[in-house]
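K.L.:
Please read through the structure below; I'll follow up with questions.
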Amino acid sequence: MIDWDFSVVWQNQGALLSGLWVTIHLSVLSGGLGTILAFPAAIAAESHFKPLRAFTITALEILRSIPLPLKLLWLFYGVPYLGGPALSPYMTALIVFTINFAAFVADVFRGAIRTVPQAQIDGAVVLGLTKNEIARRVLLPEIWRRSLPAWNGLFITLLKFSSIASIIAVPELLYTASLVLSERPKPFEVYTALIVMYAAVVIPISLLLRRLEHSRWFAVEINRP
Amino acid sequence: MMLQADNVQKRFGNTTILEDVSLAVSSGEIVGLVGASGAGKTLLSRCIVGLESMDSGTVRANGTILGPNAHRFDPAAQHIRALVGLVSQSHRLPAYRRVEQIIGEGPRVVRRLGRSEVKAHVRKWADRLGLTEHLHKFPLELSGGQLARVLLARVAVLEPRFLICDEMTANLDPATAGDVADIMASLATHGVGLLVISHQFDFLRRNAKRVVVMADGYIVEDGDPEQVFSDPQSQEGRRFLAAALRGR
């Protein structure tokens with residue numbers, strides 16, 4: 001007979017919830033900052049100025065090709081070794097997740113830039129909008145809306161992969177669970193609780209984002225009549 | 001006031017698309033521009049508002065001269081666009097903005113008017129174009145005719161002195177096309193000079209002061225609508241008009 005004992009979860013609920021909170025704000029913050037960073041990166045990667053385009057595309061490719069745990073370990077241990085500042089585990093994770101997310105989202109934005117119809121831009125030019133106004137009022141909203149489905153997928157992945165930050169002792173959910181387990185070795189109960197907690201966060205966010213995708217506020221241009 | 005395109009020439013690679021094209025539109029008059037697909041009508045309209053650069057030739061309006069090889073954001077092109085609006089059914093609307101926001105964009109962003117002035121302008125033009133009850137809608141909720149009127153309204157609200165309407169009645173049923181045509185005619189009575197690219201010959205016959213026929217990048221006919229439609233002088237004009245009338 002299996003001796004289930006979920007009291008370990010109940011007794012450590014404060015620690016686990018605070019771990020969950022770290023997971024959420026680390027993901028939301030790096031997701032938000034990464035998205036902001038991805039806009040100029042995507043525009044630079046689509047630039048007509050060849051050196052800028054080549055530099056940005058190369059940088060994005062390199063960033064995407066390095067495994068995420070390696071990026072975390074390198075920044076956490078390697079940078080102080082090279083004489084750089086010693087960053088806290090949280091700050092390291094925030095920087096790495098932000099840059100990593102930006103590198104992937106920039107590529108999504110880059111694809112979206114190409115799908116904004118020239119006719120929509122022409123319509124704005126004819127109205128008398130300046131270059132900056134067109135970038136701000138036509139391109140950005142269109143790129144954002146066209147990228148939303150792919151962005152949603154990347155953000156949910158970020159939320160789940162934030163558990164990798166446990167390798168540099170960021171006190172997020174998985175790391176907190178390992179601390180709990182070191183005192184009360186009840187892995188089945190604790191990991192089951194973690195599954196429930198991740199699902200409780202990821203599923204509503206995922207549903208909300210999907211709903212947003214289909215709302216008319218996020219509709220993309222049409223070509224009628 | 002006059003909008004004048006002189007000796008406009010445009011090439012893509014070795015292919016000449018517009019060859020020495022000149023035409024003029026005065027305030028309050030309608031000039032019809034007709035021709036087969038690929039004749040260069042749309043390209044000419046894009047050159048006039050500076051969306052495409054010309055290889056040679058000039059566009060003049062109210063003392064502003066747009067010369068050849070000008071970038072689309074060249075100050076002269078922007079001056080011309082402040083005077084000359086271009087409405088095309090190929091232009092697309094942001095699907096996530098309401099009609100009210102779409103029409104108000106020009107007054108708000110380009111004219112930098114205050115909130116109440118923008119609202120007043122939008123109401124005025126929505127009323128004139130029969131869009132008042134659709135102001136809260138999104139483009140996806142509009143019919144083809146309503147969309148055409150929104151496209152017209154968002155340019156007309158800036159009250160340009162000249163308006164180029166590129167195939168605004170194409171793809172519309174005859175009744176709706178008639179409504180849109182009436183709106184264009186009423187703009188002319190309010191002093192706007194219109195260059196109307198259209199195959200609604202009846203509308204042009206009734207309202208246009210002149211009709212210009214283009215073929216293969218050249219102007220082959222330019223004259224009174226009755227004379228152009230019933231007695232074209234050039235072989236290309238005769239061929240196009242005969243084919244167009246056969247297809248009706």
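Residues in the structure tokens are numbered from 1 in each chain, the chains being A, B, ... in the order shown, and ligands are numbered from 1 in the order shown.
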At a cut-off of 10 Å, using only C-alpha atoms, what residues contact Asn100 of chain A? Leave out same-chain residues fewer than 5 positions from it and give the result as a compact mmCIF listing (two decimals) with C-alpha atoms, in the first residue's frame.
P.N.:
# COMPACT_ATOMS: atom_id res chain seq x y z
CA SER A 30 11.87 38.78 -18.45
CA GLY A 31 8.99 38.22 -20.89
CA GLY A 34 12.52 40.62 -23.69
CA ALA A 38 12.94 42.25 -29.40
CA LEU A 60 20.59 36.53 -32.61
CA LEU A 63 22.21 33.65 -28.68
CA ARG A 64 19.70 31.11 -29.94
CA ILE A 66 23.63 28.33 -26.90
CA PRO A 67 21.66 26.12 -24.51
CA LEU A 68 19.80 28.09 -21.86
CA LYS A 71 24.01 30.75 -20.65
CA LEU A 94 16.53 37.80 -15.27
CA ILE A 95 19.26 38.93 -17.68
CA VAL A 105 10.78 36.84 -30.12
CA ALA A 106 12.89 39.04 -32.42
CA LEU A 158 9.48 30.70 -20.77
K.L.:
Find the residues of chain A in contact range of chain B, meaning any atom within 9 Å when counting only C-alpha atoms, and list them as JSON, numbers by chain.
P.N.:
{"A": [117, 118, 119, 120, 121, 122, 123, 124, 125, 126, 127, 128, 129, 130, 131, 133, 138, 142, 216, 217, 218, 219, 220, 221, 222, 223, 224, 225]}
K.L.:
Write the selection just made, keeping C-alpha atoms, as a PDB file, in the first residue's frame?
P.N.:
ATOM      1  CA  PRO A 117       0.907  44.703 -46.235  1.00  0.00           C
ATOM      2  CA  GLN A 118       2.614  47.484 -48.144  1.00  0.00           C
ATOM      3  CA  ALA A 119      -0.880  48.764 -48.986  1.00  0.00           C
ATOM      4  CA  GLN A 120      -1.494  49.486 -45.318  1.00  0.00           C
ATOM      5  CA  ILE A 121       1.756  51.421 -45.039  1.00  0.00           C
ATOM      6  CA  ASP A 122       0.967  53.267 -48.288  1.00  0.00           C
ATOM      7  CA  GLY A 123      -2.420  54.251 -46.886  1.00  0.00           C
ATOM      8  CA  ALA A 124      -0.698  55.786 -43.866  1.00  0.00           C
ATOM      9  CA  VAL A 125       1.893  57.583 -46.014  1.00  0.00           C
ATOM     10  CA  VAL A 126      -0.879  59.059 -48.145  1.00  0.00           C
ATOM     11  CA  LEU A 127      -2.676  60.308 -45.027  1.00  0.00           C
ATOM     12  CA  GLY A 128       0.462  62.288 -44.239  1.00  0.00           C
ATOM     13  CA  LEU A 129       1.943  60.280 -41.374  1.00  0.00           C
ATOM     14  CA  THR A 130       5.696  60.645 -40.904  1.00  0.00           C
ATOM     15  CA  LYS A 131       8.135  57.726 -40.869  1.00  0.00           C
ATOM     16  CA  GLU A 133       4.403  57.839 -36.820  1.00  0.00           C
ATOM     17  CA  VAL A 138       1.054  51.165 -38.059  1.00  0.00           C
ATOM     18  CA  GLU A 142       0.484  45.213 -36.637  1.00  0.00           C
ATOM     19  CA  ARG A 216     -11.227  41.815 -32.329  1.00  0.00           C
ATOM     20  CA  TRP A 217      -8.715  44.064 -30.557  1.00  0.00           C
ATOM     21  CA  PHE A 218      -6.112  41.678 -31.875  1.00  0.00           C
ATOM     22  CA  ALA A 219      -7.594  41.163 -35.325  1.00  0.00           C
ATOM     23  CA  VAL A 220      -5.186  41.773 -38.182  1.00  0.00           C
ATOM     24  CA  GLU A 221      -5.907  43.659 -41.367  1.00  0.00           C
ATOM     25  CA  ILE A 222      -8.384  42.477 -43.895  1.00  0.00           C
ATOM     26  CA  ASN A 223      -8.470  42.760 -47.616  1.00  0.00           C
ATOM     27  CA  ARG A 224     -11.983  43.580 -48.673  1.00  0.00           C
ATOM     28  CA  PRO A 225     -14.176  44.186 -50.548  1.00  0.00           C
TER      29      PRO A 225
END
K.L.:
May I have the residues within 10 Å of Thr132 of chain B as a list of chain:residue names, using only C-alpha atoms and disregarding those fewer than 5 positions away in the same chain?
P.N.:
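The residues that qualify are B:Val99, B:Glu100, B:Val122, B:Arg123, B:Lys124, B:Trp125, B:Ala126, B:Asp127.
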K.L.:
Residues as selected, N, CA and C atoms, written as a CSV table (one decimal), in the first residue's frame, can you do that?
P.N.:
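Output saved as selection-v2.csv:
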chain,number,residue,atom,x,y,z
B,99,VAL,N,-14.2,52.4,-36.6
B,99,VAL,CA,-14.3,53.3,-37.7
B,99,VAL,C,-14.0,54.8,-37.3
B,100,GLU,N,-14.5,55.1,-36.1
B,100,GLU,CA,-14.3,56.5,-35.6
B,100,GLU,C,-12.8,56.8,-35.4
B,122,VAL,N,-14.9,64.2,-37.4
B,122,VAL,CA,-15.3,62.8,-37.7
B,122,VAL,C,-16.8,62.7,-37.9
B,123,ARG,N,-17.5,63.4,-37.0
B,123,ARG,CA,-19.0,63.4,-37.1
B,123,ARG,C,-19.5,64.0,-38.4
B,124,LYS,N,-18.9,65.1,-38.7
B,124,LYS,CA,-19.3,65.8,-40.0
B,124,LYS,C,-19.1,64.9,-41.2
B,125,TRP,N,-18.0,64.3,-41.3
B,125,TRP,CA,-17.7,63.5,-42.5
B,125,TRP,C,-18.5,62.1,-42.4
B,126,ALA,N,-18.6,61.6,-41.3
B,126,ALA,CA,-19.4,60.4,-41.1
B,126,ALA,C,-20.9,60.7,-41.6
B,127,ASP,N,-21.3,61.8,-41.2
B,127,ASP,CA,-22.7,62.2,-41.6
B,127,ASP,C,-22.8,62.4,-43.1
K.L.:
Step one, run DSSP on the backbone; step two, keep only residues of segment 7-166 of chain B assigned to strand (DSSP E or B); then write them as a ChimeraX atom specification.
P.N.:
/B:7-12,15-26,30-35,56-61,64-66,84-88,162-166
K.L.:
Would you compute the distance between atom CA of Ile103 of chain B and atom CA of Gly40 of chain B? Give it in Å to one decimal.
P.N.:
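One can read the atom CA of Ile103 of chain B to atom CA of Gly40 of chain B distance as 29.0 Å.
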K.L.:
Segment 74-130 of chain A: which residues are alpha helix (DSSP H) by DSSP, as a PyMOL selection string?
P.N.:
chain A and resi 79-81+89-115+118-127
K.L.:
Leaving out segment 239-242 of chain B and any residue of its chain fewer than 3 positions from it, which residues lie within 9 Å of it when counting only C-alpha atoms, given as a list of chain:residue names?
P.N.:
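My list of contacting residues is B:Gly35, B:Ala36, B:Val213, B:Ala215, B:Val228, B:Phe229, B:Ser230, B:Pro232, B:Ser234, B:Gln235, B:Glu236, B:Leu245, B:Arg246, B:Gly247.
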K.L.:
For the selection you just gave me, I'd like the residues written to a file as a PDB file, in the first residue's frame, keeping N, CA and C atoms.
P.N.:
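This went into selection_8.pdb:
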ATOM      1  N   GLY B  35      -8.582  53.216 -68.739  1.00  0.00           N
ATOM      2  CA  GLY B  35      -7.583  52.477 -69.511  1.00  0.00           C
ATOM      3  C   GLY B  35      -7.559  51.040 -69.043  1.00  0.00           C
ATOM      4  N   ALA B  36      -6.992  50.169 -69.877  1.00  0.00           N
ATOM      5  CA  ALA B  36      -6.948  48.749 -69.527  1.00  0.00           C
ATOM      6  C   ALA B  36      -6.018  48.534 -68.338  1.00  0.00           C
ATOM      7  N   VAL B 213      -7.718  58.848 -71.507  1.00  0.00           N
ATOM      8  CA  VAL B 213      -7.563  57.404 -71.718  1.00  0.00           C
ATOM      9  C   VAL B 213      -6.073  57.090 -71.789  1.00  0.00           C
ATOM     10  N   ALA B 215      -3.068  54.077 -72.417  1.00  0.00           N
ATOM     11  CA  ALA B 215      -2.778  52.746 -72.957  1.00  0.00           C
ATOM     12  C   ALA B 215      -1.273  52.577 -72.986  1.00  0.00           C
ATOM     13  N   VAL B 228     -14.802  61.673 -76.223  1.00  0.00           N
ATOM     14  CA  VAL B 228     -13.876  60.550 -76.024  1.00  0.00           C
ATOM     15  C   VAL B 228     -14.620  59.220 -76.125  1.00  0.00           C
ATOM     16  N   PHE B 229     -15.787  59.157 -75.473  1.00  0.00           N
ATOM     17  CA  PHE B 229     -16.504  57.874 -75.469  1.00  0.00           C
ATOM     18  C   PHE B 229     -17.157  57.551 -76.822  1.00  0.00           C
ATOM     19  N   SER B 230     -17.638  58.601 -77.527  1.00  0.00           N
ATOM     20  CA  SER B 230     -18.355  58.275 -78.768  1.00  0.00           C
ATOM     21  C   SER B 230     -17.474  58.364 -80.013  1.00  0.00           C
ATOM     22  N   PRO B 232     -13.544  58.291 -80.209  1.00  0.00           N
ATOM     23  CA  PRO B 232     -12.118  58.322 -79.836  1.00  0.00           C
ATOM     24  C   PRO B 232     -11.250  58.540 -81.074  1.00  0.00           C
ATOM     25  N   SER B 234      -7.747  58.073 -81.256  1.00  0.00           N
ATOM     26  CA  SER B 234      -6.591  57.183 -81.472  1.00  0.00           C
ATOM     27  C   SER B 234      -7.048  55.740 -81.652  1.00  0.00           C
ATOM     28  N   GLN B 235      -6.165  54.982 -82.261  1.00  0.00           N
ATOM     29  CA  GLN B 235      -6.467  53.561 -82.474  1.00  0.00           C
ATOM     30  C   GLN B 235      -6.546  52.822 -81.132  1.00  0.00           C
ATOM     31  N   GLU B 236      -5.581  53.156 -80.219  1.00  0.00           N
ATOM     32  CA  GLU B 236      -5.569  52.495 -78.904  1.00  0.00           C
ATOM     33  C   GLU B 236      -6.839  52.835 -78.132  1.00  0.00           C
ATOM     34  N   LEU B 245     -16.713  48.559 -73.759  1.00  0.00           N
ATOM     35  CA  LEU B 245     -18.166  48.616 -73.946  1.00  0.00           C
ATOM     36  C   LEU B 245     -18.734  47.224 -74.215  1.00  0.00           C
ATOM     37  N   ARG B 246     -17.916  46.390 -74.911  1.00  0.00           N
ATOM     38  CA  ARG B 246     -18.341  45.018 -75.174  1.00  0.00           C
ATOM     39  C   ARG B 246     -18.485  44.231 -73.866  1.00  0.00           C
ATOM     40  N   GLY B 247     -17.562  44.537 -72.903  1.00  0.00           N
ATOM     41  CA  GLY B 247     -17.530  43.790 -71.642  1.00  0.00           C
ATOM     42  C   GLY B 247     -18.597  44.216 -70.657  1.00  0.00           C
TER      43      GLY B 247
END
K.L.:
Do you know which residues are at most 12 Å from His25 of chain A counting only C-alpha atoms, after dropping those on the same chain fewer than 4 positions away, and could you put them as a list in words?
P.N.:
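Listed by chain and then number, they are Ser18, Gly19, Leu20, Trp21, Leu29, Ser30, Gly31, Gly32, Leu33, Tyr90, Ala93, Leu94, Phe97, Leu158, Leu159, Ser162, Pro171, Glu172, Leu173 and Val201 of chain A.
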K.L.:
Quick one: residues within 12 Å of Asn12 of chain A, only C-alpha atoms counted, chain neighbours fewer than 6 positions away excluded, as a PDB file with C-alpha atoms, in the first residue's frame?
P.N.:
ATOM      1  CA  PHE A   6       0.599  15.370   1.453  1.00  0.00           C
ATOM      2  CA  SER A  18       6.835  32.081  -2.509  1.00  0.00           C
ATOM      3  CA  GLY A  19       8.774  29.893  -4.976  1.00  0.00           C
ATOM      4  CA  LEU A 173       9.390  26.834  -7.453  1.00  0.00           C
ATOM      5  CA  THR A 176      12.243  25.637  -3.320  1.00  0.00           C
ATOM      6  CA  ALA A 177      10.831  22.151  -3.786  1.00  0.00           C
ATOM      7  CA  SER A 178      14.334  20.677  -3.710  1.00  0.00           C
ATOM      8  CA  LEU A 179      14.970  22.474  -0.396  1.00  0.00           C
ATOM      9  CA  VAL A 180      11.727  21.058   0.998  1.00  0.00           C
ATOM     10  CA  LEU A 181      12.703  17.592  -0.230  1.00  0.00           C
ATOM     11  CA  GLU A 183      14.284  18.016   4.761  1.00  0.00           C
ATOM     12  CA  ARG A 184      11.316  15.724   4.058  1.00  0.00           C
ATOM     13  CA  LYS A 186       8.533  12.924  -0.128  1.00  0.00           C
ATOM     14  CA  GLU A 189       3.810  14.393  -3.053  1.00  0.00           C
ATOM     15  CA  VAL A 190       5.977  17.462  -3.574  1.00  0.00           C
ATOM     16  CA  ALA A 193       1.963  19.554  -5.888  1.00  0.00           C
TER      17      ALA A 193
END
K.L.:
Could you tell me how far atom CA of Ser215 of chain A lies from atom CA of Arg110 of chain A, in Å and to one decimal?
P.N.:
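Atom CA of Arg110 of chain A lies 23.0 Å from atom CA of Ser215 of chain A.
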K.L.:
Give me the residues within 10 Å of segment 18-28 of chain B as a ChimeraX atom specification, counting only C-alpha atoms and dropping any in the same chain fewer than 6 places off.
P.N.:
/B:1-12,39-41,43-44,47,54-61,161-163,185-195,209-210,212,214-220,222
